[in-house]
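Asks: I am sharing input-v4.tsv, which consists of TSV, C-alpha atoms and all ligand atoms:
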chain	number	residue	atom	x	y	z
A	6	MET	CA	9.82	34.35	0.75
A	7	ASP	CA	9.45	30.64	1.48
A	8	ARG	CA	11.28	28.07	-0.57
A	9	LEU	CA	9.14	25.09	-1.56
A	10	GLY	CA	10.52	21.61	-2.22
A	11	ILE	CA	8.25	19.02	-3.86
A	12	VAL	CA	9.37	15.48	-3.04
A	13	VAL	CA	8.44	12.77	-5.53
A	14	PRO	CA	9.23	9.09	-4.86
A	15	CYS	CA	9.77	7.16	-8.10
A	16	TYR	CA	9.95	3.45	-8.65
A	17	ASN	CA	9.93	2.29	-12.27
A	18	GLU	CA	8.10	5.42	-13.37
A	19	GLU	CA	9.66	5.93	-16.81
A	20	ALA	CA	6.20	6.12	-18.37
A	21	VAL	CA	5.09	9.17	-16.38
A	22	LEU	CA	8.27	10.88	-15.28
A	23	GLU	CA	8.46	13.49	-18.03
A	24	MET	CA	4.76	14.28	-17.64
A	25	ALA	CA	5.14	14.61	-13.88
A	26	ALA	CA	8.16	16.90	-14.24
A	27	ASP	CA	6.27	19.15	-16.67
A	28	ALA	CA	3.15	19.30	-14.51
A	29	LEU	CA	5.09	20.09	-11.33
A	30	ARG	CA	7.33	22.63	-13.07
A	31	GLY	CA	4.15	24.34	-14.25
A	32	VAL	CA	2.85	24.49	-10.66
A	33	LEU	CA	6.14	25.92	-9.37
A	34	GLN	CA	6.37	28.54	-12.11
A	35	ASP	CA	2.80	29.61	-11.47
A	36	LEU	CA	3.35	29.91	-7.71
A	37	ILE	CA	6.61	31.80	-8.24
A	38	LYS	CA	4.83	34.22	-10.56
A	39	LYS	CA	2.13	34.76	-7.97
A	40	GLU	CA	4.89	35.41	-5.43
A	41	LYS	CA	3.68	32.67	-3.09
A	42	ILE	CA	7.02	30.86	-3.03
A	43	SER	CA	10.63	31.87	-3.72
A	44	ASP	CA	12.08	31.53	-7.21
A	45	ASP	CA	14.61	28.91	-6.11
A	46	SER	CA	11.86	26.42	-5.21
A	47	PHE	CA	12.46	22.94	-6.55
A	48	ILE	CA	11.19	19.45	-7.35
A	49	MET	CA	13.15	16.57	-5.89
A	50	PHE	CA	12.75	13.21	-7.59
A	51	VAL	CA	13.89	10.38	-5.38
A	52	ASN	CA	14.66	7.23	-7.29
A	53	ASP	CA	13.87	4.10	-5.32
A	54	GLY	CA	16.18	1.64	-7.07
A	55	SER	CA	14.18	1.62	-10.30
A	56	ARG	CA	15.11	-1.07	-12.77
A	57	ASP	CA	13.98	0.90	-15.81
A	58	LYS	CA	15.10	4.24	-17.28
A	59	THR	CA	13.68	6.37	-14.44
A	60	TRP	CA	17.04	7.66	-13.20
A	61	GLU	CA	18.24	8.55	-16.74
A	62	LEU	CA	15.02	10.50	-17.20
A	63	ILE	CA	15.52	12.32	-13.88
A	64	GLU	CA	19.01	13.29	-15.06
A	65	LYS	CA	17.52	14.58	-18.30
A	66	GLU	CA	14.93	16.68	-16.47
A	67	HIS	CA	17.68	18.05	-14.23
A	68	GLU	CA	19.69	19.08	-17.31
A	69	LYS	CA	16.65	20.85	-18.75
A	70	THR	CA	16.18	22.99	-15.61
A	71	PRO	CA	19.15	22.44	-13.25
A	72	GLY	CA	17.90	25.01	-10.75
A	73	MET	CA	14.43	23.55	-10.51
A	74	VAL	CA	14.67	19.76	-10.83
A	75	PHE	CA	16.87	17.87	-8.40
A	76	GLY	CA	17.36	14.14	-8.03
A	77	ASP	CA	18.40	11.66	-5.36
A	78	LYS	CA	19.23	8.09	-6.17
A	79	LEU	CA	18.80	5.62	-3.36
A	80	ALA	CA	21.03	2.59	-3.22
A	81	GLY	CA	18.52	-0.15	-3.98
A	82	ASN	CA	14.75	-0.41	-3.57
A	83	VAL	CA	13.62	0.45	-0.05
A	84	GLY	CA	9.87	0.95	-0.57
A	85	HIS	CA	7.51	3.91	-0.71
A	86	GLN	CA	7.50	4.91	2.99
A	87	TYR	CA	11.28	4.85	3.22
A	88	VAL	CA	11.98	6.65	-0.03
A	89	LEU	CA	9.50	9.33	1.00
A	90	THR	CA	11.18	9.73	4.37
A	91	ALA	CA	14.60	9.94	2.72
A	92	GLY	CA	13.31	12.63	0.37
A	93	LEU	CA	11.60	14.70	3.08
A	94	ILE	CA	14.56	14.60	5.44
A	95	THR	CA	16.99	15.55	2.65
A	96	ALA	CA	14.73	18.31	1.34
A	97	LYS	CA	14.03	19.89	4.74
A	98	ASP	CA	17.57	21.24	4.95
A	99	MET	CA	17.14	23.03	1.66
A	100	CYS	CA	13.67	24.52	1.94
A	101	ASP	CA	10.98	25.95	4.22
A	102	ILE	CA	8.01	23.95	2.96
A	103	THR	CA	7.87	20.39	1.61
A	104	VAL	CA	5.09	18.80	-0.39
A	105	SER	CA	5.16	15.06	-1.01
A	106	ILE	CA	3.33	13.68	-4.01
A	107	ASP	CA	3.39	10.43	-6.02
A	108	ALA	CA	4.95	10.43	-9.45
A	109	ASP	CA	1.86	9.03	-11.19
A	110	LEU	CA	-0.14	12.31	-11.14
A	111	GLN	CA	-3.13	10.64	-9.44
A	112	ASP	CA	-3.16	13.43	-6.91
A	113	ASP	CA	-4.27	16.80	-8.21
A	114	VAL	CA	-1.21	19.04	-8.56
A	115	ALA	CA	-3.53	22.06	-8.80
A	116	VAL	CA	-4.33	21.90	-5.06
A	117	ILE	CA	-0.68	22.47	-4.14
A	118	GLU	CA	-1.48	26.19	-4.37
A	119	GLU	CA	-4.28	25.77	-1.84
A	120	MET	CA	-1.89	23.84	0.40
A	121	VAL	CA	0.63	26.68	0.25
A	122	ASP	CA	-2.13	29.20	1.04
A	123	LYS	CA	-3.09	27.16	4.09
A	124	TYR	CA	0.55	27.05	5.12
A	125	HIS	CA	0.68	30.85	4.93
A	126	ALA	CA	-2.50	30.91	7.01
A	127	GLY	CA	-0.53	29.31	9.84
A	128	ASN	CA	-0.81	25.55	9.31
A	129	ASP	CA	2.27	23.38	9.62
A	130	ILE	CA	0.74	20.31	8.02
A	131	VAL	CA	-1.84	20.29	5.24
A	132	TYR	CA	-3.32	16.92	4.26
A	133	GLY	CA	-4.51	16.18	0.75
A	134	VAL	CA	-7.79	14.30	1.12
A	135	ARG	CA	-9.61	12.48	-1.66
A	136	LYS	CA	-13.22	13.53	-2.14
A	137	ALA	CA	-14.45	10.30	-3.65
A	138	ARG	CA	-12.91	7.18	-5.01
A	139	THR	CA	-14.89	7.03	-8.21
A	140	THR	CA	-11.87	6.32	-10.40
A	141	ASP	CA	-10.64	3.41	-8.30
A	142	THR	CA	-11.80	-0.10	-9.04
A	143	PHE	CA	-14.43	-1.56	-6.71
A	144	PHE	CA	-11.80	-3.87	-5.28
A	145	LYS	CA	-9.32	-1.09	-4.52
A	146	ARG	CA	-12.08	1.02	-3.00
A	147	ALA	CA	-13.36	-1.79	-0.77
A	148	THR	CA	-9.92	-2.83	0.42
A	149	ALA	CA	-8.90	0.78	1.09
A	150	GLN	CA	-12.08	1.43	3.06
A	151	GLY	CA	-11.54	-1.76	5.04
A	152	PHE	CA	-7.99	-0.57	5.72
A	153	TYR	CA	-9.12	2.71	7.33
A	154	LYS	CA	-11.85	0.97	9.33
A	155	LEU	CA	-9.42	-1.63	10.65
A	156	MET	CA	-6.90	1.06	11.55
A	157	ASN	CA	-9.57	2.94	13.43
A	158	ALA	CA	-10.74	-0.16	15.28
A	159	MET	CA	-7.17	-0.79	16.35
A	160	GLY	CA	-6.86	2.74	17.69
A	161	VAL	CA	-4.43	4.04	15.04
A	162	LYS	CA	-5.31	7.65	14.29
A	163	THR	CA	-5.15	8.34	10.56
A	164	ILE	CA	-6.80	10.91	8.33
A	165	TYR	CA	-9.61	9.26	6.39
A	166	ASN	CA	-8.94	9.06	2.63
A	167	HIS	CA	-5.57	10.73	2.92
A	168	ALA	CA	-2.57	8.97	1.39
A	169	ASP	CA	0.87	10.51	1.33
A	170	PHE	CA	0.04	13.73	-0.52
A	171	ARG	CA	0.69	16.42	2.05
A	172	LEU	CA	2.45	19.66	2.83
A	173	MET	CA	4.76	19.83	5.82
A	174	SER	CA	6.64	22.84	7.12
A	175	LYS	CA	10.36	22.60	7.79
A	176	ARG	CA	9.80	22.33	11.53
A	177	ALA	CA	7.18	19.61	11.07
A	178	VAL	CA	9.65	17.52	9.05
A	179	GLU	CA	12.35	18.26	11.62
A	180	ASN	CA	10.08	16.94	14.33
A	181	PHE	CA	9.14	13.97	12.18
A	182	SER	CA	12.84	13.13	11.76
A	183	GLU	CA	13.04	12.77	15.55
A	184	TYR	CA	10.96	9.60	15.21
A	185	LYS	CA	13.79	7.14	14.98
A	186	GLU	CA	11.72	4.03	14.48
A	187	VAL	CA	12.64	1.75	11.62
A	188	ASN	CA	9.18	0.46	10.73
A	189	LEU	CA	7.70	3.48	9.05
A	190	PHE	CA	4.05	4.28	8.57
A	191	LEU	CA	3.89	7.97	7.75
A	192	ARG	CA	0.11	8.26	7.82
A	193	GLY	CA	0.16	7.24	11.45
A	194	MET	CA	3.29	9.17	12.42
A	195	VAL	CA	2.51	12.60	10.96
A	196	PRO	CA	-0.67	13.12	13.05
A	197	LEU	CA	1.47	12.50	16.15
A	198	ILE	CA	3.46	15.67	15.44
A	199	GLY	CA	0.53	17.71	16.60
A	200	TYR	CA	1.02	21.13	15.02
A	201	GLN	CA	-1.89	23.06	13.58
A	202	THR	CA	-3.19	21.18	10.56
A	203	ASP	CA	-5.77	21.54	7.82
A	204	CYS	CA	-7.00	19.58	4.81
A	205	VAL	CA	-7.51	20.30	1.13
A	206	TYR	CA	-9.92	18.19	-0.91
A	207	TYR	CA	-9.48	16.93	-4.46
A	208	ASP	CA	-10.68	14.29	-6.90
A	209	ARG	CA	-8.21	11.51	-7.31
A	210	LYS	CA	-7.54	10.74	-10.94
A	211	GLU	CA	-6.45	7.57	-12.63
A	212	ARG	CA	-2.77	6.90	-13.00
A	213	ALA	CA	-1.46	9.05	-15.89
A	214	ALA	CA	0.60	6.12	-17.22
A	215	GLY	CA	2.36	2.99	-16.03
A	216	GLU	CA	1.10	0.46	-13.49
A	217	SER	CA	0.37	0.57	-9.77
A	218	LYS	CA	3.38	-0.38	-7.66
A	219	TYR	CA	1.10	-1.29	-4.78
A	220	PRO	CA	-0.27	-4.78	-5.39
A	221	LEU	CA	-2.54	-6.35	-2.77
A	222	LYS	CA	0.43	-8.03	-1.10
A	223	LYS	CA	2.16	-4.69	-0.48
A	224	MET	CA	-1.09	-3.09	0.69
A	225	LEU	CA	-1.65	-5.84	3.24
A	226	ALA	CA	1.95	-5.48	4.39
A	227	LEU	CA	1.40	-1.72	4.81
A	228	ALA	CA	-1.79	-2.31	6.80
A	229	PHE	CA	-0.12	-4.88	9.04
A	230	ASN	CA	2.87	-2.62	9.55
A	231	GLY	CA	0.59	0.30	10.38
A	232	ILE	CA	-1.26	-1.67	13.04
A	233	SER	CA	1.73	-3.43	14.54
A	234	SER	CA	3.77	-0.21	14.70
A	235	PHE	CA	1.09	1.88	16.34
A	236	SER	CA	-1.10	-0.34	18.38
A	237	VAL	CA	-0.62	-2.92	21.11
A	238	LYS	CA	-4.34	-3.63	20.99
A	239	PRO	CA	-3.87	-7.16	19.57
A	240	ILE	CA	-2.07	-8.03	22.84
A	241	SER	CA	-4.92	-6.84	25.03
A	242	MET	CA	-7.25	-8.80	22.75
A	243	VAL	CA	-5.34	-11.97	23.71
A	244	LEU	CA	-5.76	-11.06	27.36
A	245	GLY	CA	-9.48	-10.45	26.83
A	246	LEU	CA	-9.80	-13.79	25.08
A	247	GLY	CA	-8.10	-15.49	28.04
A	248	ILE	CA	-10.60	-13.98	30.47
A	249	PHE	CA	-13.47	-14.98	28.19
A	250	ILE	CA	-12.21	-18.59	28.02
A	251	CYS	CA	-11.96	-18.69	31.83
A	252	VAL	CA	-15.61	-17.64	32.09
A	253	LEU	CA	-16.51	-20.38	29.61
A	254	ALA	CA	-14.39	-22.79	31.68
A	255	VAL	CA	-16.66	-22.19	34.67
A	256	LEU	CA	-19.68	-23.07	32.54
A	257	ALA	CA	-17.89	-26.09	31.06
A	258	GLY	CA	-16.93	-27.13	34.61
A	259	ILE	CA	-20.54	-26.92	35.80
A	260	TYR	CA	-21.68	-28.94	32.79
A	261	ALA	CA	-18.99	-31.58	33.41
A	262	LEU	CA	-19.88	-31.86	37.08
A	263	ILE	CA	-23.61	-32.20	36.33
A	264	SER	CA	-22.79	-34.93	33.80
A	265	TYR	CA	-20.60	-36.61	36.39
A	266	PHE	CA	-23.27	-36.66	39.08
A	267	THR	CA	-26.04	-37.71	36.74
A	268	GLY	CA	-23.89	-40.64	35.61
A	269	HIS	CA	-23.22	-41.80	32.01
A	270	VAL	CA	-19.64	-40.48	31.86
A	271	GLU	CA	-16.45	-42.40	31.32
A	272	ALA	CA	-14.09	-42.48	34.30
A	273	GLY	CA	-11.62	-39.58	34.12
A	274	TRP	CA	-13.56	-37.51	31.57
A	275	THR	CA	-14.73	-34.90	34.07
A	276	SER	CA	-11.30	-34.09	35.46
A	277	VAL	CA	-9.76	-34.00	31.97
A	278	ILE	CA	-12.40	-31.65	30.56
A	279	ILE	CA	-12.24	-29.25	33.53
A	280	SER	CA	-8.42	-29.16	33.38
A	281	ILE	CA	-8.37	-28.49	29.63
A	282	TRP	CA	-10.72	-25.50	29.89
A	283	PHE	CA	-9.16	-23.90	32.92
A	284	LEU	CA	-5.57	-24.43	31.80
A	285	GLY	CA	-6.38	-23.04	28.34
A	286	GLY	CA	-7.88	-19.89	29.82
A	287	ILE	CA	-5.13	-19.38	32.37
A	288	GLN	CA	-2.43	-19.86	29.74
A	289	LEU	CA	-4.02	-17.26	27.49
A	290	ILE	CA	-4.25	-14.81	30.38
A	291	ALA	CA	-0.60	-15.44	31.22
A	292	ILE	CA	0.48	-14.91	27.61
A	293	GLY	CA	-1.60	-11.71	27.46
A	294	LEU	CA	0.01	-10.39	30.64
A	295	VAL	CA	3.52	-11.09	29.37
A	296	GLY	CA	2.43	-9.46	26.13
A	297	LEU	CA	1.36	-6.28	27.93
A	298	TYR	CA	4.89	-5.87	29.23
A	299	ILE	CA	6.37	-6.62	25.82
A	300	GLY	CA	4.01	-3.99	24.41
A	301	LYS	CA	5.40	-1.46	26.89
A	302	ILE	CA	8.97	-2.39	26.00
A	303	TYR	CA	8.07	-2.05	22.33
A	304	MET	CA	6.77	1.46	22.85
A	305	GLU	CA	9.82	2.38	24.94
A	306	VAL	CA	12.41	1.20	22.42
A	307	LYS	CA	10.90	3.41	19.75
A	308	HIS	CA	12.19	6.44	21.63
A	309	ARG	CA	9.53	8.66	20.17
A	310	PRO	CA	9.60	12.32	21.16
A	311	ARG	CA	7.51	12.77	24.29
A	312	TYR	CA	6.19	16.19	23.40
A	313	ASN	CA	6.53	18.89	20.83
A	314	ILE	CA	6.37	22.59	21.63
A	315	GLU	CA	4.34	24.57	19.11
A	316	LYS	CA	4.71	28.16	20.33
A	317	VAL	CA	6.76	29.96	22.95
A	318	LEU	CA	6.04	33.25	24.69
A	319	ASP	CA	9.03	34.60	26.55
A	320	ASP	CA	11.16	37.73	26.80
A	321	LYS	CA	12.74	36.96	23.43
A	322	SER	CA	9.50	36.49	21.48
A	323	GLU	CA	8.53	39.24	19.08
A	324	SER	CA	5.66	41.40	20.21
A	325	LEU	CA	2.82	41.88	17.77
A	401	LIG	N1	6.95	3.74	-5.09
A	401	LIG	C1	8.27	3.72	-4.67
A	401	LIG	N2	8.82	2.53	-4.26
A	401	LIG	C2	8.11	1.36	-4.23
A	401	LIG	C3	6.74	1.41	-4.64
A	401	LIG	C4	6.20	2.62	-5.05
A	401	LIG	O1	8.95	4.74	-4.68
A	401	LIG	O2	8.67	0.34	-3.85
A	401	LIG	C5	6.36	5.04	-5.51
A	401	LIG	C6	5.78	5.05	-6.90
A	401	LIG	O3	6.74	5.36	-7.87
A	401	LIG	C7	4.73	6.15	-6.79
A	401	LIG	C8	4.28	6.04	-5.34
A	401	LIG	O4	5.30	5.32	-4.66
A	401	LIG	O5	5.28	7.43	-7.00
A	401	LIG	C9	2.94	5.36	-5.16
A	401	LIG	O6	2.87	4.17	-5.86
A	401	LIG	P1	1.62	3.78	-6.77
A	401	LIG	O7	1.10	4.98	-7.47
A	401	LIG	O8	2.02	2.66	-7.67
A	401	LIG	O9	0.58	3.26	-5.70
A	401	LIG	P2	-1.02	3.34	-5.78
A	401	LIG	O10	-1.37	4.76	-6.09
A	401	LIG	O11	-1.43	2.42	-6.85
A	401	LIG	O12	-1.48	2.91	-4.42
A	402	MG	MG	-0.68	5.85	-7.53
With the file now loaded, output its structure as structure tokens.
Replies:
Amino acid sequence: MDRLGIVVPCYNEEAVLEMAADALRGVLQDLIKKEKISDDSFIMFVNDGSRDKTWELIEKEHEKTPGMVFGDKLAGNVGHQYVLTAGLITAKDMCDITVSIDADLQDDVAVIEEMVDKYHAGNDIVYGVRKARTTDTFFKRATAQGFYKLMNAMGVKTIYNHADFRLMSKRAVENFSEYKEVNLFLRGMVPLIGYQTDCVYYDRKERAAGESKYPLKKMLALAFNGISSFSVKPISMVLGLGIFICVLAVLAGIYALISYFTGHVEAGWTSVIISIWFLGGIQLIAIGLVGLYIGKIYMEVKHRPRYNIEKVLDDKSESL
């Protein structure tokens, strides 16, 4: 039977930790009883350099059920995307299926069962997708929607309304760990893996307790990181702007020449205005061209896997 590992990043989550441990233990026990996962399945709390009692509470939960609650303590605060990656990569060596979920119980733990069912149905990645954002404030909703739209416009493929609540098989996490890049944006990286995927839908609740650790500043940083790590579109936009300015330069040149021949211009104005427009456009084109090469170098240095084999049929494969 498959061993499940639930990975929970925690940063200053003393207010919800016990509640989260109880809720997730309940899910595991239920799934074990239904014989959907093995009885050594576990929850792995990964402490992201919390400054409150989070780690002490993780130790306490571990003592309560040493075989079911594990803990990892990172050295210092590295941020959500990194702590999640650390947890997934550590857990993958101990289990067959991972599920990542936030500690604040905003995501519905009840759909983990559906995720596991979809895994058994042959999916390697199952995304948790929010049905509606009725519990979020208008501001959070608007900024989040803007975030997905912007991502899309920049050509970054993400799953709409999916945060980092997802199931990944062992081999999906193994493939993910081949992405050696340092700037992490999991929502953009996981779809690159390419195995068979599915979604489960749920209503996102309010935080069970404690405060959001994602203020606007961190959200903007995440959005910028997502775009700059996955798209070189801003560079081609510079190139496009350069071409556009050159077209305008022709019009400005015609206007300047007409003014020159119809009189009323100061000596030297025409040549100055034509030079400014053309040089501006040509410089932007040149910067854009250099940028295109830098964009290529950027993609090369990431050393991302070039392909990922999903299934093999050969003389060693089992016949049905
Ligand atoms: N988190 C973390 N390190 C950080 C910030 C957040 O491990 O530097 C964790 C946090 O404990 C929670 C999850 O990431 O489990 C998501 O954070 P939060 O719920 O505050 O974000 P929101 O749901 O408000 O976007
Ligand atoms: Mg949250």
Asks: Please write out the residues within 7 Å of ligand MG 402 (chain A) as a PDB file with C-alpha atoms, in the coordinates of the input, counting all atoms listed in the file.
Replies:
ATOM      1  CA  ASP A 107       3.390  10.430  -6.020  1.00  0.00           C
ATOM      2  CA  ASP A 109       1.860   9.030 -11.190  1.00  0.00           C
ATOM      3  CA  GLN A 111      -3.130  10.640  -9.440  1.00  0.00           C
ATOM      4  CA  ARG A 212      -2.770   6.900 -13.000  1.00  0.00           C
ATOM      5  CA  SER A 217       0.370   0.570  -9.770  1.00  0.00           C
TER       6      SER A 217
END
Asks: Neighbours of Ala91 in chain A within 10 Å (all atoms listed in the file; same-chain residues fewer than 3 positions away dropped), as a PyMOL selection string?
Replies: chain A and resi 12+14+51+53+77+79+83+85-88+94-96+182
Asks: Kindly indicate which residue among A:Ala28, A:Ile278, A:Ile232, A:Ala168 lies nearest to Ile48 in chain A, using all atoms listed in the file for the distances.
Replies: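 That would be A:Ala28, the residue with the smallest distance to Ile48 in chain A.
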Asks: A:Val237, A:Ala228, A:Met156, A:Leu318: which is nearest Ile302 in chain A, counting all atoms listed in the file?
Replies: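 Residue with the minimum atom-to-atom distance to Ile302 in chain A: A:Val237.
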Asks: Kindly indicate which residue among A:Glu305, A:Glu315, A:Asp112, A:Glu179 lies nearest to ligand LIG 401 (chain A), using all atoms listed in the file for the distances.
Replies: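 Using all atoms listed in the file, the shortest distance to ligand LIG 401 (chain A) belongs to A:Asp112.
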Asks: Which residue is closest to ligand LIG 401 (chain A)? Choose from A:Gly231, A:Gly193, A:Gly286, A:Pro220 and count all atoms listed in the file.
Replies: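 With all atoms listed in the file as the atom set, the closest residue is A:Pro220.
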Asks: Using only C-alpha atoms, which of the listed residues (A:Asn17, A:Gly293, A:Lys78, A:Trp282) sits closest to Pro239 in chain A?
Replies: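 Between A:Asn17, A:Gly293, A:Lys78, A:Trp282, the residue approaching Pro239 in chain A most closely is A:Gly293.
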Asks: List as a list in words the protein and nucleic acid residues near Lys162 in chain A, meaning an atom at most 10 Å away when all atoms listed in the file are counted, but skip any in the same chain fewer than 2 places from it.
Replies: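 Once the adjacent positions are removed, what remains is Tyr153, Met156, Asn157, Ala158, Met159, Gly160, Ile164, Tyr165, Arg192, Gly193, Met194, Val195, Pro196, Leu197, Phe235 and Ser236 of chain A.
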Asks: Using only C-alpha atoms and a cutoff of 7 Å, can you tell me which residues are near (7.1, 27.6, 1.8) in the file's coordinates, and write them out as a ChimeraX atom specification?
Replies: /A:7-9,42,101-102,121
Asks: Quote the spacing between CA of Leu191 in chain A and CA of Ala20 in chain A in Å to one decimal place.
Replies: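 A separation of 26.3 Å between them.
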